>>> print(open('query10.pdb').read())   # PDB, C-alpha atoms and all ligand atoms
ATOM      1  CA  MET E 231      91.509  86.915  98.581
ATOM      2  CA  ALA E 232      93.517  86.000 101.611
ATOM      3  CA  ASP E 233      97.030  86.150 100.191
ATOM      4  CA  PRO E 234      98.892  88.968 101.938
ATOM      5  CA  LEU E 235      99.159  92.139  99.872
ATOM      6  CA  SER E 236     102.581  92.886  98.401
ATOM      7  CA  ALA E 237     104.495  95.556 100.307
ATOM      8  CA  ASP E 238     103.789  98.000  97.482
ATOM      9  CA  ALA E 239     100.061  97.235  97.514
ATOM     10  CA  PHE E 240      99.968  97.551 101.315
ATOM     11  CA  LEU E 241     101.572 100.989 101.134
ATOM     12  CA  ALA E 242      99.291 102.069  98.289
ATOM     13  CA  ALA E 243      96.207 100.916 100.208
ATOM     14  CA  LEU E 244      97.141 102.972 103.284
ATOM     15  CA  LYS E 245      97.959 106.083 101.264
ATOM     16  CA  GLY E 246      94.891 105.614  99.129
ATOM     17  CA  GLU E 247      92.742 105.732 102.256
ATOM     18  CA  GLY E 248      94.317 109.065 103.114
ATOM     19  CA  ALA E 249      96.636 107.838 105.881
ATOM     20  CA  ARG E 250      99.737 109.984 106.428
ATOM     21  CA  VAL E 251     102.440 107.362 106.040
ATOM     22  CA  VAL E 252     106.075 107.612 107.136
ATOM     23  CA  GLU E 253     108.292 104.790 105.856
ATOM     24  CA  TYR E 254     110.889 103.544 108.348
ATOM     25  CA  ASP E 255     114.159 102.383 106.738
ATOM     26  CA  GLY E 256     114.056  98.766 105.623
ATOM     27  CA  TRP E 257     110.389  98.184 106.507
ATOM     28  CA  ARG E 258     109.627  96.122 103.400
ATOM     29  CA  THR E 259     111.877  93.248 104.444
ATOM     30  CA  ARG E 260     111.720  93.529 108.243
ATOM     31  CA  ASN E 261     109.738  90.477 109.321
ATOM     32  CA  ARG E 262     109.750  87.116 111.078
ATOM     33  CA  ASN E 263     109.055  85.033 107.971
ATOM     34  CA  HIS E 264     112.046  82.824 108.820
ATOM     35  CA  LYS E 265     110.249  81.757 112.014
ATOM     36  CA  GLY E 266     106.899  80.742 110.584
ATOM     37  CA  LYS E 267     104.257  81.226 107.954
ATOM     38  CA  TRP E 268     102.802  84.591 106.905
ATOM     39  CA  GLY E 269      99.350  84.267 105.447
ATOM     40  CA  PRO E 270      96.675  83.552 104.561
ATOM     41  CA  VAL E 271      95.679  86.834 106.161
ATOM     42  CA  ASN E 272      92.154  87.143 107.479
ATOM     43  CA  GLY E 273      91.905  90.390 109.383
ATOM     44  CA  VAL E 274      93.428  93.389 111.094
ATOM     45  CA  MET E 275      94.423  93.605 114.769
ATOM     46  CA  VAL E 276      94.627  96.822 116.774
ATOM     47  CA  HIS E 277      96.937  97.224 119.798
ATOM     48  CA  HIS E 278      98.277  99.838 122.176
ATOM     49  CA  THR E 279     101.962 100.001 123.053
ATOM     50  CA  VAL E 280     102.130 101.046 126.725
ATOM     51  CA  THR E 281     104.746 103.645 125.752
ATOM     52  CA  ARG E 282     105.080 107.397 125.584
ATOM     53  CA  GLY E 283     106.771 109.313 122.747
ATOM     54  CA  THR E 284     106.666 108.484 119.079
ATOM     55  CA  ASP E 285     110.403 107.930 118.493
ATOM     56  CA  ALA E 286     110.734 105.557 121.443
ATOM     57  CA  THR E 287     107.546 103.757 120.425
ATOM     58  CA  VAL E 288     108.692 103.272 116.838
ATOM     59  CA  LYS E 289     112.111 102.059 117.978
ATOM     60  CA  LEU E 290     110.592  99.551 120.392
ATOM     61  CA  CYS E 291     108.319  98.155 117.668
ATOM     62  CA  VAL E 292     111.283  97.835 115.279
ATOM     63  CA  ASP E 293     113.671  96.210 117.761
ATOM     64  CA  GLY E 294     111.324  94.364 120.079
ATOM     65  CA  HIS E 295     112.381  93.665 123.650
ATOM     66  CA  GLY E 296     113.618  90.843 125.878
ATOM     67  CA  ASP E 297     112.527  87.583 124.344
ATOM     68  CA  LEU E 298     110.079  89.209 121.928
ATOM     69  CA  PRO E 299     112.138  90.297 118.897
ATOM     70  CA  GLY E 300     110.771  92.879 116.473
ATOM     71  CA  PRO E 301     109.059  93.768 114.348
ATOM     72  CA  LEU E 302     106.176  94.002 116.821
ATOM     73  CA  CYS E 303     103.675  95.180 114.190
ATOM     74  CA  HIS E 304     103.415  96.387 110.614
ATOM     75  CA  ALA E 305     102.937 100.011 111.532
ATOM     76  CA  VAL E 306     102.875 102.296 114.559
ATOM     77  CA  ILE E 307     100.063 104.829 114.725
ATOM     78  CA  ALA E 308     101.353 107.904 116.544
ATOM     79  CA  LYS E 309      99.226 110.259 118.602
ATOM     80  CA  ASP E 310      99.306 112.832 115.806
ATOM     81  CA  GLY E 311      97.855 110.279 113.378
ATOM     82  CA  THR E 312     101.029 109.594 111.405
ATOM     83  CA  VAL E 313     101.360 105.950 110.415
ATOM     84  CA  HIS E 314     104.960 104.737 110.737
ATOM     85  CA  VAL E 315     105.317 101.639 108.584
ATOM     86  CA  ILE E 316     108.108  99.609 110.208
ATOM     87  CA  GLY E 317     107.797  96.021 109.005
ATOM     88  CA  TYR E 318     106.152  93.818 106.463
ATOM     89  CA  GLY E 319     105.459  90.117 106.679
ATOM     90  CA  ARG E 320     105.152  88.013 109.795
ATOM     91  CA  ALA E 321     105.402  90.220 112.891
ATOM     92  CA  ASN E 322     105.337  89.507 116.646
ATOM     93  CA  HIS E 323     102.094  91.239 117.541
ATOM     94  CA  ALA E 324      99.238  88.809 117.972
ATOM     95  CA  GLY E 325     100.720  85.737 119.651
ATOM     96  CA  LEU E 326      98.556  82.708 120.276
ATOM     97  CA  GLY E 327      94.820  83.265 120.324
ATOM     98  CA  ASP E 328      91.435  81.667 120.124
ATOM     99  CA  PRO E 329      90.783  79.505 117.037
ATOM    100  CA  GLY E 330      87.058  80.181 117.427
ATOM    101  CA  VAL E 331      87.766  83.879 117.051
ATOM    102  CA  LEU E 332      89.729  83.280 113.856
ATOM    103  CA  ASP E 333      86.795  81.258 112.498
ATOM    104  CA  ALA E 334      84.458  84.151 113.303
ATOM    105  CA  VAL E 335      86.823  86.651 111.671
ATOM    106  CA  ILE E 336      86.963  84.535 108.512
ATOM    107  CA  ALA E 337      83.164  84.180 108.489
ATOM    108  CA  GLU E 338      82.734  87.870 109.451
ATOM    109  CA  GLY E 339      80.315  86.597 112.056
ATOM    110  CA  PRO E 340      79.821  87.592 115.695
ATOM    111  CA  LEU E 341      82.934  87.198 117.848
ATOM    112  CA  PRO E 342      82.782  84.497 120.526
ATOM    113  CA  LYS E 343      84.097  85.104 124.040
ATOM    114  CA  VAL E 344      87.856  84.634 123.965
ATOM    115  CA  ASP E 345      89.008  81.768 126.190
ATOM    116  CA  GLU E 346      91.730  79.866 124.361
ATOM    117  CA  ALA E 347      95.306  80.630 123.253
ATOM    118  CA  SER E 348      96.327  77.988 120.742
ATOM    119  CA  LYS E 349      96.214  79.543 117.277
ATOM    120  CA  ASP E 350      99.136  81.408 115.615
ATOM    121  CA  GLY E 351      97.774  84.919 115.146
ATOM    122  CA  ASN E 352     100.987  86.379 113.683
ATOM    123  CA  ARG E 353     100.302  84.336 110.588
ATOM    124  CA  HIS E 354      96.748  85.564 110.067
ATOM    125  CA  PHE E 355      96.558  89.249 111.037
ATOM    126  CA  TYR E 356      97.924  92.587 109.981
ATOM    127  CA  GLY E 357      98.928  94.427 113.156
ATOM    128  CA  PHE E 358      98.847  98.092 114.138
ATOM    129  CA  GLU E 359     100.380  99.352 117.391
ATOM    130  CA  CYS E 360      98.927 102.626 118.659
ATOM    131  CA  GLU E 361     101.047 104.873 120.852
ATOM    132  CA  ASN E 362      99.189 104.918 124.157
ATOM    133  CA  LEU E 363      99.967 104.174 127.817
ATOM    134  CA  GLY E 364      96.993 101.847 128.030
ATOM    135  CA  ASP E 365      96.143 103.013 131.547
ATOM    136  CA  GLY E 366      92.597 103.871 130.559
ATOM    137  CA  LYS E 367      93.339 107.591 131.063
ATOM    138  CA  ASP E 368      95.879 108.438 128.351
ATOM    139  CA  PRO E 369      93.784 110.080 125.613
ATOM    140  CA  TRP E 370      93.432 108.847 122.047
ATOM    141  CA  PRO E 371      93.476 112.090 120.037
ATOM    142  CA  ALA E 372      90.966 112.401 117.204
ATOM    143  CA  ALA E 373      93.767 112.333 114.610
ATOM    144  CA  GLN E 374      94.982 108.996 115.976
ATOM    145  CA  VAL E 375      91.480 107.482 116.028
ATOM    146  CA  ASP E 376      90.970 108.716 112.470
ATOM    147  CA  ALA E 377      94.216 107.040 111.382
ATOM    148  CA  VAL E 378      93.204 103.722 112.980
ATOM    149  CA  VAL E 379      89.935 103.822 111.066
ATOM    150  CA  ARG E 380      91.708 104.691 107.809
ATOM    151  CA  VAL E 381      94.306 101.899 107.965
ATOM    152  CA  CYS E 382      91.715  99.295 108.965
ATOM    153  CA  ALA E 383      89.374 100.429 106.191
ATOM    154  CA  ALA E 384      92.278 100.432 103.739
ATOM    155  CA  LEU E 385      93.034  96.765 104.329
ATOM    156  CA  CYS E 386      89.364  95.750 104.426
ATOM    157  CA  ARG E 387      88.838  97.539 101.136
ATOM    158  CA  ALA E 388      91.933  96.006  99.547
ATOM    159  CA  HIS E 389      90.884  92.492 100.590
ATOM    160  CA  GLY E 390      87.145  92.875 100.140
ATOM    161  CA  TRP E 391      86.536  92.282 103.853
ATOM    162  CA  GLY E 392      83.942  93.822 106.081
ATOM    163  CA  THR E 393      81.099  93.978 103.649
ATOM    164  CA  THR E 394      78.831  92.090 106.042
ATOM    165  CA  GLY E 395      79.712  91.912 109.702
ATOM    166  CA  MET E 396      82.852  94.041 110.106
ATOM    167  CA  THR E 397      84.526  91.526 112.407
ATOM    168  CA  SER E 398      87.574  91.550 110.139
ATOM    169  CA  VAL E 399      88.894  94.203 112.530
ATOM    170  CA  ILE E 400      89.558  93.039 116.085
ATOM    171  CA  GLY E 401      91.473  94.144 119.149
ATOM    172  CA  HIS E 402      94.221  92.111 120.794
ATOM    173  CA  SER E 403      91.893  91.711 123.783
ATOM    174  CA  GLU E 404      89.397  89.961 121.513
ATOM    175  CA  TRP E 405      92.081  87.516 120.347
ATOM    176  CA  GLN E 406      94.110  86.459 123.374
ATOM    177  CA  PRO E 407      92.834  85.856 126.914
ATOM    178  CA  GLY E 408      94.398  88.292 129.404
ATOM    179  CA  LYS E 409      95.118  91.073 126.890
ATOM    180  CA  ILE E 410      93.411  94.418 127.441
ATOM    181  CA  ASP E 411      94.454  96.371 124.364
ATOM    182  CA  PRO E 412      93.380  98.618 122.829
ATOM    183  CA  LYS E 413      92.061 100.549 125.814
ATOM    184  CA  GLY E 414      91.419 104.192 126.535
ATOM    185  CA  PRO E 415      88.820 106.876 127.102
ATOM    186  CA  GLY E 416      86.349 107.221 124.261
ATOM    187  CA  ILE E 417      87.527 104.269 122.216
ATOM    188  CA  SER E 418      86.324 100.694 121.815
ATOM    189  CA  MET E 419      86.641  98.082 119.121
ATOM    190  CA  ASP E 420      82.900  98.370 118.488
ATOM    191  CA  SER E 421      83.242 102.089 117.768
ATOM    192  CA  PHE E 422      86.292 101.483 115.554
ATOM    193  CA  ARG E 423      84.348  98.822 113.639
ATOM    194  CA  LYS E 424      81.358 101.114 113.266
ATOM    195  CA  SER E 425      83.532 103.892 111.843
ATOM    196  CA  VAL E 426      85.333 101.511 109.485
ATOM    197  CA  ALA E 427      82.002 100.154 108.229
ATOM    198  CA  ALA E 428      80.687 103.695 107.697
ATOM    199  CA  ARG E 429      83.836 104.566 105.791
ATOM    200  CA  LEU E 430      83.565 101.498 103.591
ATOM    201  CA  SER E 431      79.913 102.072 102.735
ATOM    202  CA  ALA E 432      80.097 105.836 102.131
ATOM    203  CA  PRO E 433      80.700 107.304  98.690
ATOM    204  CA  PRO E 434      84.418 108.066  98.487
ATOM    205  CA  THR E 435      85.355 111.473  99.854
ATOM    206  CA  PHE E 436      88.394 112.931 101.532
ATOM    207  CA  THR E 437      88.288 115.313 104.469
ATOM    208  CA  VAL E 438      91.015 117.943 104.218
ATOM    209  CA  ARG E 439      93.448 118.341 107.106
ATOM    210  CA  ALA E 440      96.015 121.084 107.682
ATOM    211  CA  GLY E 441      98.628 121.068 104.929
ATOM    212  CA  ASP E 442      96.742 118.898 102.431
ATOM    213  CA  THR E 443      96.759 120.027  98.818
ATOM    214  CA  LEU E 444      94.814 118.731  95.849
ATOM    215  CA  GLY E 445      98.120 117.478  94.422
ATOM    216  CA  TRP E 446      98.818 115.384  97.533
ATOM    217  CA  ILE E 447      95.285 113.974  97.537
ATOM    218  CA  ALA E 448      95.501 113.151  93.805
ATOM    219  CA  GLU E 449      98.752 111.266  94.379
ATOM    220  CA  ALA E 450      97.408 109.395  97.402
ATOM    221  CA  TYR E 451      94.309 108.243  95.540
ATOM    222  CA  GLY E 452      95.979 107.508  92.203
ATOM    223  CA  THR E 453      94.115 110.222  90.343
ATOM    224  CA  SER E 454      94.954 113.627  88.887
ATOM    225  CA  VAL E 455      94.404 117.207  89.990
ATOM    226  CA  ASP E 456      92.373 117.765  86.801
ATOM    227  CA  GLU E 457      90.043 114.864  87.617
ATOM    228  CA  LEU E 458      89.575 116.125  91.188
ATOM    229  CA  ARG E 459      88.832 119.632  89.954
ATOM    230  CA  HIS E 460      86.295 118.203  87.532
ATOM    231  CA  LEU E 461      84.544 116.368  90.399
ATOM    232  CA  ASN E 462      84.805 119.392  92.687
ATOM    233  CA  PRO E 463      84.045 122.465  90.580
ATOM    234  CA  ASP E 464      83.734 124.576  93.738
ATOM    235  CA  ILE E 465      87.501 124.319  94.364
ATOM    236  CA  LYS E 466      89.044 127.395  92.840
ATOM    237  CA  ASP E 467      92.654 127.157  94.048
ATOM    238  CA  PRO E 468      94.070 123.588  94.360
ATOM    239  CA  ASP E 469      96.734 124.784  96.805
ATOM    240  CA  LYS E 470      94.271 126.470  99.151
ATOM    241  CA  LEU E 471      91.936 123.937 100.701
ATOM    242  CA  ALA E 472      90.028 124.615 103.891
ATOM    243  CA  VAL E 473      90.608 122.290 106.841
ATOM    244  CA  GLY E 474      87.497 120.115 107.197
ATOM    245  CA  GLN E 475      86.464 120.634 103.579
ATOM    246  CA  THR E 476      85.157 117.512 101.815
ATOM    247  CA  VAL E 477      86.697 116.588  98.475
ATOM    248  CA  LYS E 478      84.808 114.135  96.260
ATOM    249  CA  LEU E 479      86.990 111.309  94.919
ATOM    250  CA  PRO E 480      86.544 109.193  91.784
ATOM    251  CA  SER E 481      84.800 105.907  92.644
TER     252      SER E 481
HETATM  253 ZN    ZN E 501      98.658  93.895 121.802
END
>>> encode(input="query10.pdb", output="structure tokens")
Amino acid sequence: MADPLSADAFLAALKGEGARVVEYDGWRTRNRNHKGKWGPVNGVMVHHTVTRGTDATVKLCVDGHGDLPGPLCHAVIAKDGTVHVIGYGRANHAGLGDPGVLDAVIAEGPLPKVDEASKDGNRHFYGFECENLGDGKDPWPAAQVDAVVRVCAALCRAHGWGTTGMTSVIGHSEWQPGKIDPKGPGISMDSFRKSVAARLSAPPTFTVRAGDTLGWIAEAYGTSVDELRHLNPDIKDPDKLAVGQTVKLPS
């Protein structure tokens, strides 16, 4: 179960979890596979970028900087919750980390205190960079938090991770000594993990946001408008959904 997903399956998993995905040109083949191994993959790592502005953040993660060439992640999660997929394969996001942490991630057991930087994390983790200044004050809007939870749940679901301990999802700070990300008011890796676990254990539903239609939801979840209407007889007009409304999905 630890072979990396294909690019198509990765994209389908994110969309299927209801993430609003924007595909950046050439993302499928933008990687660092020529520099080292990619996979087996064992978990998902969450970061913040220390940047402001979505365009600049996406560009930085595509190009990299100084002696850290891009891609710097697989996708950037913007403040508005859009998920900009920029690369696929080995990416420069995790660096060297604690082998004991990787063991715990694989076992889905409790995470040990991070005190070593000797294991190649770029090989073993999917990486998401969240647009945030990382100063502890810059807010993480609800839409961005929701997107983090969706993409992490998507990959856990696709790989069958997180059924026991939920330590398949970690922060950079839990991997490499000296890192502080992700950081910000109202967020923590424990709360992200709790939300991902709740999402994975709940019966499948979709919470409507502004602009969503039954057609879009059907496409994202690989089902049909007819099937969704059958499951949700209370929906009269498939083009007029209320924001916050819950739509039952086929299991
Ligand atoms: Zn980081």
>>> atom_distance(input="query10.pdb", atom1="CA of Arg320 (chain E)", atom2="atom ZN of ligand ZN 501 (chain E)")
14.9 Å
>>> atom_distance(input="query10.pdb", atom1="CA of Val344 (chain E)", atom2="CA of Leu332 (chain E)")
10.4 Å
>>> closest_residue(input="query10.pdb", among="E:His323, E:Arg459, E:Lys343, E:Lys349", to="ligand ZN 501 (chain E)", atoms="all atoms listed in the file")
E:His323
>>> residues_near_ligand(input="query10.pdb", ligand="ligand ZN 501 (chain E)", cutoff="6 Å", atoms="only C-alpha atoms and all ligand atoms", output="PyMOL selection string")
chain E and resi 277-278+402+411
>>> write_last_selection(input="query10.pdb", atoms="C-alpha atoms", output="mmCIF file, keeping the file's coordinate frame")
data_model
loop_
_atom_site.group_PDB
_atom_site.id
_atom_site.type_symbol
_atom_site.label_atom_id
_atom_site.label_comp_id
_atom_site.auth_asym_id
_atom_site.auth_seq_id
_atom_site.Cartn_x
_atom_site.Cartn_y
_atom_site.Cartn_z
ATOM 1 C CA HIS E 277 96.937 97.224 119.798
ATOM 2 C CA HIS E 278 98.277 99.838 122.176
ATOM 3 C CA HIS E 402 94.221 92.111 120.794
ATOM 4 C CA ASP E 411 94.454 96.371 124.364
#
>>> resolve_selection(input="query10.pdb", expression="the PyMOL selection byres (((chain E and resi 366) around 8) and not hetatm)", output="list of chain:residue names")
E:Leu363, E:Gly364, E:Asp365, E:Lys367, E:Asp368, E:Lys413, E:Gly414, E:Pro415
>>> axis_aligned_box(input="query10.pdb", around="region 320-332 of chain E", padding_each_side="8 Å", output="JSON")
{"center_x": 96.2, "center_y": 85.4, "center_z": 115.1, "size_x": 34.3, "size_y": 27.7, "size_z": 26.5}
>>> closest_residue(input="query10.pdb", among="E:Ser431, E:Asn261, E:Gln406, E:Thr312", to="Gly330 (chain E)", atoms="all atoms listed in the file")
E:Gln406
>>> residues_around(input="query10.pdb", residues="Gly283 (chain E)", least_positions_apart="6", cutoff="12 Å", atoms="only C-alpha atoms", output="list in words")
Lys289, Leu290, Val306, Ile307, Ala308, Lys309, Asp310, Cys360, Glu361, Asn362 and Leu363 of chain E
>>> resolve_selection(input="query10.pdb", expression="the PyMOL selection byres (((chain E and resi 372-387) around 9) and not hetatm)", output="PyMOL selection string")
chain E and resi 235+240+243-250+273-276+307-313+356+358+360-361+370-371+388-393+396+398-399+417+422-423+425-427+429-430
>>> closest_residue(input="query10.pdb", among="E:His295, E:Thr284, E:Asn322, E:Val477", to="His460 (chain E)", atoms="all atoms listed in the file")
E:Val477
>>> resolve_selection(input="query10.pdb", expression="the PyMOL selection byres (((chain E and resi 462-468) around 12) and not hetatm)", output="JSON list (two decimals) with C-alpha atoms, in the frame of the given file")
[["chain", "number", "residue", "atom", "x", "y", "z"],
["E", 435, "THR", "CA", 85.36, 111.47, 99.85],
["E", 436, "PHE", "CA", 88.39, 112.93, 101.53],
["E", 438, "VAL", "CA", 91.02, 117.94, 104.22],
["E", 441, "GLY", "CA", 98.63, 121.07, 104.93],
["E", 442, "ASP", "CA", 96.74, 118.90, 102.43],
["E", 443, "THR", "CA", 96.76, 120.03, 98.82],
["E", 444, "LEU", "CA", 94.81, 118.73, 95.85],
["E", 445, "GLY", "CA", 98.12, 117.48, 94.42],
["E", 446, "TRP", "CA", 98.82, 115.38, 97.53],
["E", 447, "ILE", "CA", 95.28, 113.97, 97.54],
["E", 448, "ALA", "CA", 95.50, 113.15, 93.80],
["E", 454, "SER", "CA", 94.95, 113.63, 88.89],
["E", 455, "VAL", "CA", 94.40, 117.21, 89.99],
["E", 456, "ASP", "CA", 92.37, 117.76, 86.80],
["E", 457, "GLU", "CA", 90.04, 114.86, 87.62],
["E", 458, "LEU", "CA", 89.58, 116.12, 91.19],
["E", 459, "ARG", "CA", 88.83, 119.63, 89.95],
["E", 460, "HIS", "CA", 86.30, 118.20, 87.53],
["E", 461, "LEU", "CA", 84.54, 116.37, 90.40],
["E", 469, "ASP", "CA", 96.73, 124.78, 96.80],
["E", 470, "LYS", "CA", 94.27, 126.47, 99.15],
["E", 471, "LEU", "CA", 91.94, 123.94, 100.70],
["E", 472, "ALA", "CA", 90.03, 124.62, 103.89],
["E", 475, "GLN", "CA", 86.46, 120.63, 103.58],
["E", 476, "THR", "CA", 85.16, 117.51, 101.82],
["E", 477, "VAL", "CA", 86.70, 116.59, 98.48],
["E", 478, "LYS", "CA", 84.81, 114.14, 96.26],
["E", 479, "LEU", "CA", 86.99, 111.31, 94.92],
["E", 480, "PRO", "CA", 86.54, 109.19, 91.78]]
>>> atom_distance(input="query10.pdb", atom1="CA of Thr453 (chain E)", atom2="CA of Ala428 (chain E)")
22.9 Å
>>> closest_residue(input="query10.pdb", among="E:Leu326, E:Ala232, E:Ala321, E:Ala286", to="Ser348 (chain E)", atoms="all atoms listed in the file")
E:Leu326
>>> closest_residue(input="query10.pdb", among="E:Asp297, E:Glu449, E:Glu359, E:Asp328", to="Val280 (chain E)", atoms="only C-alpha atoms")
E:Glu359
